[in-house]
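Data block for data.pdb (PDB, C-alpha atoms, pLDDT in the B column):
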```pdb
ATOM      1  CA  MET A   1     -19.683  43.655  34.317  1.00 46.00           C
ATOM      2  CA  LYS A   2     -22.705  41.330  34.515  1.00 45.00           C
ATOM      3  CA  ASN A   3     -22.748  41.775  38.301  1.00 47.00           C
ATOM      4  CA  TYR A   4     -22.889  45.574  37.927  1.00 45.00           C
ATOM      5  CA  VAL A   5     -25.788  45.372  35.465  1.00 42.00           C
ATOM      6  CA  LEU A   6     -27.645  42.911  37.721  1.00 42.00           C
ATOM      7  CA  ALA A   7     -27.143  45.178  40.748  1.00 45.00           C
ATOM      8  CA  LEU A   8     -28.451  48.182  38.794  1.00 43.00           C
ATOM      9  CA  ALA A   9     -31.505  46.189  37.631  1.00 41.00           C
ATOM     10  CA  LEU A  10     -32.294  45.085  41.194  1.00 43.00           C
ATOM     11  CA  PHE A  11     -31.797  48.642  42.424  1.00 44.00           C
ATOM     12  CA  ALA A  12     -34.283  49.873  39.782  1.00 42.00           C
ATOM     13  CA  ALA A  13     -36.908  47.453  41.108  1.00 40.00           C
ATOM     14  CA  ILE A  14     -37.199  49.273  44.468  1.00 41.00           C
ATOM     15  CA  PRO A  15     -40.777  50.555  44.714  1.00 40.00           C
ATOM     16  CA  ALA A  16     -41.219  54.312  44.357  1.00 36.00           C
ATOM     17  CA  GLN A  17     -43.769  54.371  47.204  1.00 37.00           C
ATOM     18  CA  ALA A  18     -40.947  53.994  49.749  1.00 48.00           C
ATOM     19  CA  GLY A  19     -39.420  57.371  48.757  1.00 80.00           C
ATOM     20  CA  ASP A  20     -38.334  59.541  45.853  1.00 87.00           C
ATOM     21  CA  LEU A  21     -36.929  57.724  42.828  1.00 94.00           C
ATOM     22  CA  THR A  22     -34.956  59.885  40.395  1.00 95.00           C
ATOM     23  CA  LEU A  23     -33.584  59.141  36.948  1.00 97.00           C
ATOM     24  CA  ASP A  24     -30.097  60.641  36.641  1.00 97.00           C
ATOM     25  CA  ILE A  25     -28.905  61.351  33.101  1.00 98.00           C
ATOM     26  CA  ASN A  26     -25.142  61.777  33.120  1.00 96.00           C
ATOM     27  CA  GLY A  27     -24.056  64.194  30.452  1.00 92.00           C
ATOM     28  CA  ALA A  28     -20.986  66.340  30.517  1.00 94.00           C
ATOM     29  CA  SER A  29     -17.860  67.384  32.349  1.00 94.00           C
ATOM     30  CA  ARG A  30     -15.283  70.142  32.142  1.00 95.00           C
ATOM     31  CA  HIS A  31     -11.687  69.458  33.120  1.00 93.00           C
ATOM     32  CA  SER A  32      -9.227  72.031  34.451  1.00 91.00           C
ATOM     33  CA  LYS A  33      -6.870  70.936  31.641  1.00 90.00           C
ATOM     34  CA  ASP A  34      -7.714  69.966  28.047  1.00 91.00           C
ATOM     35  CA  THR A  35      -5.222  67.112  27.681  1.00 91.00           C
ATOM     36  CA  TYR A  36      -3.315  64.459  29.620  1.00 88.00           C
ATOM     37  CA  ARG A  37      -0.270  62.307  28.901  1.00 87.00           C
ATOM     38  CA  TYR A  38      -0.512  58.530  29.105  1.00 87.00           C
ATOM     39  CA  GLN A  39       1.915  55.911  27.846  1.00 88.00           C
ATOM     40  CA  GLY A  40       4.024  58.556  26.120  1.00 89.00           C
ATOM     41  CA  LYS A  41       1.130  60.114  24.163  1.00 92.00           C
ATOM     42  CA  THR A  42      -1.039  63.209  24.627  1.00 93.00           C
ATOM     43  CA  HIS A  43      -4.816  62.595  24.765  1.00 93.00           C
ATOM     44  CA  LYS A  44      -7.865  64.870  25.055  1.00 95.00           C
ATOM     45  CA  TYR A  45     -10.175  64.329  28.020  1.00 93.00           C
ATOM     46  CA  ASN A  46     -13.649  63.022  27.209  1.00 95.00           C
ATOM     47  CA  GLU A  47     -16.115  65.747  28.168  1.00 95.00           C
ATOM     48  CA  SER A  48     -19.201  63.950  26.817  1.00 95.00           C
ATOM     49  CA  ASN A  49     -19.912  61.556  29.680  1.00 95.00           C
ATOM     50  CA  LEU A  50     -23.190  60.012  28.582  1.00 96.00           C
ATOM     51  CA  GLY A  51     -24.869  57.482  30.863  1.00 97.00           C
ATOM     52  CA  ALA A  52     -27.735  56.963  33.269  1.00 98.00           C
ATOM     53  CA  GLY A  53     -28.445  56.032  36.845  1.00 97.00           C
ATOM     54  CA  LEU A  54     -31.058  56.002  39.570  1.00 97.00           C
ATOM     55  CA  THR A  55     -31.191  57.633  42.964  1.00 96.00           C
ATOM     56  CA  TYR A  56     -33.554  56.385  45.651  1.00 95.00           C
ATOM     57  CA  GLY A  57     -34.358  58.739  48.533  1.00 92.00           C
ATOM     58  CA  VAL A  58     -34.089  56.757  51.764  1.00 94.00           C
ATOM     59  CA  ASN A  59     -35.157  59.742  53.863  1.00 92.00           C
ATOM     60  CA  LYS A  60     -35.076  63.538  53.835  1.00 87.00           C
ATOM     61  CA  TYR A  61     -31.253  63.679  53.916  1.00 93.00           C
ATOM     62  CA  VAL A  62     -29.965  60.371  52.465  1.00 95.00           C
ATOM     63  CA  GLY A  63     -30.237  58.714  49.071  1.00 95.00           C
ATOM     64  CA  VAL A  64     -28.582  55.696  47.481  1.00 97.00           C
ATOM     65  CA  THR A  65     -27.443  55.907  43.884  1.00 97.00           C
ATOM     66  CA  ALA A  66     -26.105  53.647  41.125  1.00 98.00           C
ATOM     67  CA  GLY A  67     -25.480  54.041  37.415  1.00 98.00           C
ATOM     68  CA  PHE A  68     -22.954  54.213  34.607  1.00 97.00           C
ATOM     69  CA  PHE A  69     -21.299  56.728  32.244  1.00 97.00           C
ATOM     70  CA  ASP A  70     -18.402  57.142  29.804  1.00 96.00           C
ATOM     71  CA  ASN A  71     -15.593  58.529  31.945  1.00 93.00           C
ATOM     72  CA  SER A  72     -12.896  61.104  31.170  1.00 92.00           C
ATOM     73  CA  TYR A  73     -10.659  58.394  29.671  1.00 92.00           C
ATOM     74  CA  TYR A  74     -13.310  56.965  27.293  1.00 93.00           C
ATOM     75  CA  GLN A  75     -13.920  53.929  29.540  1.00 93.00           C
ATOM     76  CA  THR A  76     -17.281  52.788  30.946  1.00 95.00           C
ATOM     77  CA  THR A  77     -17.640  53.616  34.623  1.00 95.00           C
ATOM     78  CA  VAL A  78     -20.184  51.871  36.847  1.00 96.00           C
ATOM     79  CA  TYR A  79     -20.808  53.617  40.174  1.00 97.00           C
ATOM     80  CA  ALA A  80     -22.729  53.116  43.403  1.00 97.00           C
ATOM     81  CA  GLY A  81     -22.849  55.214  46.525  1.00 97.00           C
ATOM     82  CA  VAL A  82     -24.697  57.362  49.012  1.00 98.00           C
ATOM     83  CA  LYS A  83     -25.866  60.937  48.559  1.00 96.00           C
ATOM     84  CA  LEU A  84     -26.142  63.223  51.583  1.00 96.00           C
ATOM     85  CA  GLY A  85     -27.858  66.553  51.220  1.00 94.00           C
ATOM     86  CA  TYR A  86     -30.407  69.054  52.393  1.00 92.00           C
ATOM     87  CA  ASP A  87     -33.271  70.642  50.431  1.00 93.00           C
ATOM     88  CA  ILE A  88     -33.831  74.386  50.670  1.00 96.00           C
ATOM     89  CA  VAL A  89     -37.296  75.107  49.250  1.00 95.00           C
ATOM     90  CA  PHE A  90     -38.338  78.335  47.515  1.00 95.00           C
ATOM     91  CA  GLY A  91     -41.876  77.562  46.310  1.00 95.00           C
ATOM     92  CA  ASP A  92     -41.498  75.159  43.365  1.00 94.00           C
ATOM     93  CA  VAL A  93     -37.709  75.640  43.243  1.00 96.00           C
ATOM     94  CA  VAL A  94     -35.521  73.381  45.397  1.00 95.00           C
ATOM     95  CA  VAL A  95     -31.806  74.050  45.971  1.00 97.00           C
ATOM     96  CA  SER A  96     -29.937  71.048  47.380  1.00 96.00           C
ATOM     97  CA  PRO A  97     -26.286  71.299  48.436  1.00 98.00           C
ATOM     98  CA  GLY A  98     -24.783  67.909  49.185  1.00 97.00           C
ATOM     99  CA  VAL A  99     -22.063  65.344  48.762  1.00 97.00           C
ATOM    100  CA  GLN A 100     -21.965  61.931  47.105  1.00 96.00           C
ATOM    101  CA  ALA A 101     -19.569  59.226  48.300  1.00 96.00           C
ATOM    102  CA  GLY A 102     -19.091  55.758  46.914  1.00 95.00           C
ATOM    103  CA  TYR A 103     -17.133  53.638  44.488  1.00 95.00           C
ATOM    104  CA  ALA A 104     -16.605  53.733  40.724  1.00 93.00           C
ATOM    105  CA  SER A 105     -15.070  51.288  38.260  1.00 94.00           C
ATOM    106  CA  GLY A 106     -13.424  51.921  34.907  1.00 91.00           C
ATOM    107  CA  TYR A 107     -10.124  53.558  35.887  1.00 87.00           C
ATOM    108  CA  ALA A 108      -7.704  50.593  35.883  1.00 86.00           C
ATOM    109  CA  ASP A 109      -6.236  51.104  32.384  1.00 83.00           C
ATOM    110  CA  THR A 110      -6.019  54.905  32.641  1.00 84.00           C
ATOM    111  CA  PRO A 111      -3.512  57.406  34.092  1.00 82.00           C
ATOM    112  CA  VAL A 112      -5.336  57.030  37.439  1.00 78.00           C
ATOM    113  CA  GLN A 113      -4.236  53.351  37.535  1.00 73.00           C
ATOM    114  CA  SER A 114      -6.675  52.502  40.315  1.00 72.00           C
ATOM    115  CA  SER A 115      -7.806  49.081  41.361  1.00 71.00           C
ATOM    116  CA  SER A 116     -11.095  47.778  39.993  1.00 80.00           C
ATOM    117  CA  LEU A 117     -13.052  50.082  42.338  1.00 88.00           C
ATOM    118  CA  GLN A 118     -12.017  53.678  42.967  1.00 86.00           C
ATOM    119  CA  PRO A 119     -13.357  55.559  46.021  1.00 89.00           C
ATOM    120  CA  VAL A 120     -15.051  58.818  45.010  1.00 89.00           C
ATOM    121  CA  VAL A 121     -16.240  61.872  46.957  1.00 92.00           C
ATOM    122  CA  LEU A 122     -18.217  64.406  44.933  1.00 93.00           C
ATOM    123  CA  PRO A 123     -19.480  67.672  46.471  1.00 97.00           C
ATOM    124  CA  ASN A 124     -22.478  68.868  44.455  1.00 97.00           C
ATOM    125  CA  LEU A 125     -25.326  71.330  44.107  1.00 98.00           C
ATOM    126  CA  ARG A 126     -28.706  70.434  42.603  1.00 96.00           C
ATOM    127  CA  VAL A 127     -31.305  72.981  41.529  1.00 97.00           C
ATOM    128  CA  SER A 128     -34.718  71.600  40.571  1.00 95.00           C
ATOM    129  CA  TYR A 129     -38.137  72.847  39.550  1.00 96.00           C
ATOM    130  CA  ARG A 130     -41.182  70.587  39.959  1.00 92.00           C
ATOM    131  CA  GLY A 131     -39.108  67.407  39.946  1.00 91.00           C
ATOM    132  CA  VAL A 132     -36.737  68.250  37.086  1.00 96.00           C
ATOM    133  CA  GLY A 133     -33.290  69.453  38.017  1.00 96.00           C
ATOM    134  CA  VAL A 134     -29.633  69.843  37.206  1.00 97.00           C
ATOM    135  CA  THR A 135     -26.827  68.687  39.480  1.00 97.00           C
ATOM    136  CA  VAL A 136     -23.386  70.251  39.184  1.00 98.00           C
ATOM    137  CA  GLY A 137     -20.629  68.251  40.880  1.00 96.00           C
ATOM    138  CA  TYR A 138     -16.981  68.961  41.576  1.00 94.00           C
ATOM    139  CA  VAL A 139     -14.217  66.346  41.631  1.00 88.00           C
ATOM    140  CA  PRO A 140     -11.199  67.999  43.261  1.00 83.00           C
ATOM    141  CA  ARG A 141      -7.746  67.211  41.861  1.00 72.00           C
ATOM    142  CA  VAL A 142      -7.816  63.676  40.512  1.00 58.00           C
ATOM    143  CA  ALA A 143      -4.399  62.188  39.734  1.00 53.00           C
ATOM    144  CA  SER A 144      -3.904  61.801  35.985  1.00 49.00           C
ATOM    145  CA  GLY A 145      -0.342  60.629  35.758  1.00 49.00           C
ATOM    146  CA  VAL A 146       2.689  60.568  37.993  1.00 44.00           C
ATOM    147  CA  THR A 147       3.176  64.331  38.298  1.00 46.00           C
ATOM    148  CA  ASP A 148      -0.094  65.684  36.914  1.00 62.00           C
ATOM    149  CA  SER A 149      -3.550  66.195  38.374  1.00 76.00           C
ATOM    150  CA  VAL A 150      -6.824  67.641  37.161  1.00 82.00           C
ATOM    151  CA  SER A 151     -10.075  68.852  38.723  1.00 88.00           C
ATOM    152  CA  VAL A 152     -13.423  68.162  37.064  1.00 91.00           C
ATOM    153  CA  VAL A 153     -16.857  69.806  37.040  1.00 95.00           C
ATOM    154  CA  THR A 154     -19.701  67.429  36.125  1.00 95.00           C
ATOM    155  CA  VAL A 155     -23.285  68.061  34.974  1.00 96.00           C
ATOM    156  CA  GLN A 156     -26.229  65.700  35.391  1.00 96.00           C
ATOM    157  CA  LEU A 157     -29.950  66.024  34.542  1.00 97.00           C
ATOM    158  CA  ASN A 158     -32.325  64.676  37.229  1.00 96.00           C
ATOM    159  CA  ILE A 159     -35.966  63.673  36.659  1.00 96.00           C
ATOM    160  CA  ARG A 160     -38.087  62.581  39.618  1.00 94.00           C
ATOM    161  CA  LEU A 161     -39.982  59.401  38.695  1.00 93.00           C
ATOM    162  CA  GLY A 162     -41.952  58.910  41.872  1.00 67.00           C
ATOM    163  CA  ALA A 163     -42.500  60.339  45.300  1.00 59.00           C
ATOM    164  CA  LYS A 164     -44.098  59.371  48.583  1.00 48.00           C
ATOM    165  CA  PRO A 165     -47.881  59.680  48.448  1.00 45.00           C
TER     166      PRO A 165
END
```

Please re-express this file's structure in structure tokens.
Amino acid sequence: MKNYVLALALFAAIPAQAGDLTLDINGASRHSKDTYRYQGKTHKYNESNLGAGLTYGVNKYVGVTAGFFDNSYYQTTVYAGVKLGYDIVFGDVVVSPGVQAGYASGYADTPVQSSSLQPVVLPNLRVSYRGVGVTVGYVPRVASGVTDSVSVVTVQLNIRLGAKP
């Protein structure tokens, strides 16, 4: 875990002058099912996924991102990846369809039973106004047990911290 925190701290030190730097506040999710079975017991999914991260805009279409949140199984997830997207501008309103791909930890002792790092692909849509936005993501059909699967909608608040001069 120390390595993840160190990587996030180094990532945060990237100067904002090189591109957009955005604070991502991870907040909530909605699962296609309310409960899951694990180790013979029924559990409710965690839909309060508090955490934070940063996204650094490398160029007009690519950003790198890292952060953490409480996942659906009440475990801490640390993630890192690449965001691909395109901004459609309507005055002060920006609509950005995109996709995020990377790796996430925190799913080893859960119904997913993944290794220490789980590959993740997250289609998303961000709508922002003057640097403050909301990103809605969609995780299609994640395995949550041997015969069960669930899809997840996620919500994240985004606040631009810096931009190119």

Just give me the gap between atom CA of A:Leu84 and atom CA of A:Asp24 in Å, one decimal is fine.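 Separation between atom CA of A:Leu84 and atom CA of A:Asp24: 15.7 Å.
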
Coordinates-based distance that separates atom CA of A:Gly106 from atom CA of A:Tyr74 (Å, one decimal):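 That distance, rounded to one decimal, is 9.1 Å.
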
For A:Ile159, which residue among A:Tyr56, A:Phe69, A:Tyr38, A:Tyr45 is the nearest when counting only C-alpha atoms?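 The shortest atom-to-atom distance to A:Ile159 comes from A:Tyr56.
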
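Closest approach to A:Ser116 from the set A:Ala52, A:Val152, A:Gly85, A:Tyr79 is made by A:Tyr79, with distances taken over only C-alpha atoms.
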
Atom CA of A:Asp70 to atom CA of A:Pro140, straight-line distance in Å: 18.7 Å

Could you list, as a list in words, every residue within 9 Å of A:Ala104, counting only C-alpha atoms and ignoring same-chain residues fewer than 5 positions away?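 Residues near the query, excluding close chain neighbours: Phe68, Thr77, Val78, Tyr79, Ala80, Gly81, Ser116, Leu117, Gln118, Pro119 and Val120 of chain A.
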
Centre and edge lengths of an axis-aligned box around all listed atoms of stretch 86-89 of chain A, with 3 Å added on each side, are to be given in Å to one decimal, as lines of an AutoDock Vina configuration file.
```
center_x = -33.9
center_y = 72.1
center_z = 50.8
size_x = 12.9
size_y = 12.1
size_z = 9.1
```

Considering all atoms listed in the file, can you say which of A:Arg126, A:Gly40, A:Ala108, A:Gln75 comes closest to A:Ile88? A:Arg126

Once the PyMOL selection byres ((chain A and resi 58) around 10) has been evaluated on this model, what residues remain selected, and can you format them as a PyMOL selection string? chain A and resi 18-21+55-57+59-64+82-83

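Among the candidates A:Arg37, A:His43, A:Arg30, A:Arg130, the residue lying nearest to A:Ser149 is A:Arg37 (atoms considered: all atoms listed in the file).
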
Residue neighbourhood A:Val132, 9 Å, all atoms listed in the file, exclusion window fewer than 5 positions, as a PyMOL selection string: chain A and resi 127+157-160

Residue nearest A:Gly27 - candidates A:Thr110, A:Gln39, A:Ser48, A:Ser128, atoms counted: all atoms listed in the file: A:Ser48

Written as a ChimeraX atom specification, which residues does the PyMOL selection byres ((chain A and resi 29) around 10) give for the file shown? /A:26-28,30-31,45-50,71-72,136-138,152-156
